Each structure stands twice: as C-alpha cells, then as structure tokens.
Amino acid sequence: MKRSDETGFFLWEALLTGIFLLLLAGMADLYVKAVMLKDISASQAPAVCLARAQFSYAQSRLEREGVLPAEMPYQGPADDLLQNGYEYQLNSICNRQDDGWQLQVEVIWNVRNDEKKMVFMRLLQRHKDLEAEGDDHL
C-alpha cells in the first residue's frame with residue numbers, strides 16, 4: 001500500500017469549512033443584534049425630546065397660571081407623538097411639593113412588538129419676579 005500526501009485532506013477541508021460557517025453564523029447574529037439596538041436607540045431619542053418638551057410646556061403653564069393639574073396630557077402638537085415611524089404615548093402626573101411641583105413624565109412606545117417605557121421626573125418652580133423684589137441691578 002502506498003501512502004499519499006493527500007491522506008486526511010478531506011477531513012481538514014470539512015473541519016475548516018465548518019469553522020468558517022460557525023464564524024459566519026456568529027457574525028450574522030451580531031448584525032441582527034446591532035440592528036435591534038439601532039432601532040431601540042433611534043426610538044429613545046424622540047422619547048427624551050418629548051419628555052423635555054413636556055417639561056418646558058409645564059413650566060410655561062406654571063408661569064402663566066401658577067398651578068398645574070394633577071394629570072396633564074401632552075401639551076404640544078399631536079403630530080409630535082408620531083416620529084420616525086413610532087407612535088408615542090405620554091402621561092404626566094403633577095404633585096404639589098412645598099417648594100414647587102414635582103412632574104413625572106412617562107413616555108411609552110413599541111419597538112418590534114416590545115413595549116418600551118421611560119420615566120422622567122423634575123421639580124418645577126415659578127420664577128420669582130425680580131422687579132417685585134426691588135432688585136434693579138440688571
């Protein structure tokens with residue numbers, strides 16, 4: 001019997017092909033996870049902006065009226081709640097504190113049939129009128 005230099009070549013070829021396919025499958029999984037994270041982060045940015053806008057609208061309302069209602073829907077335009085293909089729901093709860101109003105804003109939306117939620121809290125106070133205090137060093 002003659003020994004050939006090609007003995008075991010098919011085994012090595014099959015082994016390397018298997019390793020290569022495992023690496024490709026791993027990279028595909030990383031790609032899918034990266035796309036999911038991109039979707040989640042793309043939907044979080046508008047949620048943060050909506051919450052900040054609600055805080056600004058609430059501060060403005062507090063300056064004008066001096067009080068905030070216990071529950072406050074989104075104060076901006078209704079079309080703000082639809083951004084980047086996502087529909088957002090915004091709920092605000094206001095509680096009177098000794099030195100102002102505690103405002104809790106909850107933003108809810110769906111990403112790939114998974115409900116996401118962010119909750120923000122801020123203490124709001126009316127600005128004091130400098131002229132009423134006799135402070136004229138402006």
# chains A, B, ... in the order shown; residues from 1 in each chain; ligands from 1

call {"tool": "residues_around", "arguments": {"residues": "segment 34-47 of chain A", "least_positions_apart": "6", "cutoff": "12 Å", "atoms": "only C-alpha atoms", "output": "MDAnalysis selection string"}}
result
chainID A and resid 27:28 53:54 80:91 105:120

call {"tool": "closest_residue", "arguments": {"among": "A:Tyr74, A:Tyr57, A:Phe9, A:Tyr31", "to": "Leu124 of chain A", "atoms": "only C-alpha atoms"}}
result
A:Tyr57

call {"tool": "select_by_dssp", "arguments": {"residues": "segment 42-136 of chain A", "states": "alpha helix (DSSP H)", "output": "list in words"}}
result
Ala42, Ser43, Gln44, Ala45, Pro46, Ala47, Val48, Cys49, Leu50, Ala51, Arg52, Ala53, Gln54, Phe55, Ser56, Tyr57, Ala58, Gln59, Ser60, Arg61, Leu62, Glu63, Arg64 and Glu65 of chain A

call {"tool": "atom_distance", "arguments": {"atom1": "atom CA of Gln97 of chain A", "atom2": "atom CA of Gln75 of chain A"}}
result
21.6 Å

call {"tool": "select_by_dssp", "arguments": {"residues": "segment 31-133 of chain A", "states": "strand (DSSP E or B)", "output": "PyMOL selection string"}}
result
chain A and resi 71-72+82-83+86-87+89-97+100-111+114-124

call {"tool": "atom_distance", "arguments": {"atom1": "atom CA of Glu71 of chain A", "atom2": "atom CA of Gly100 of chain A"}}
result
15.7 Å

call {"tool": "atom_distance", "arguments": {"atom1": "atom CA of Leu11 of chain A", "atom2": "atom CA of Leu24 of chain A"}}
result
20.1 Å
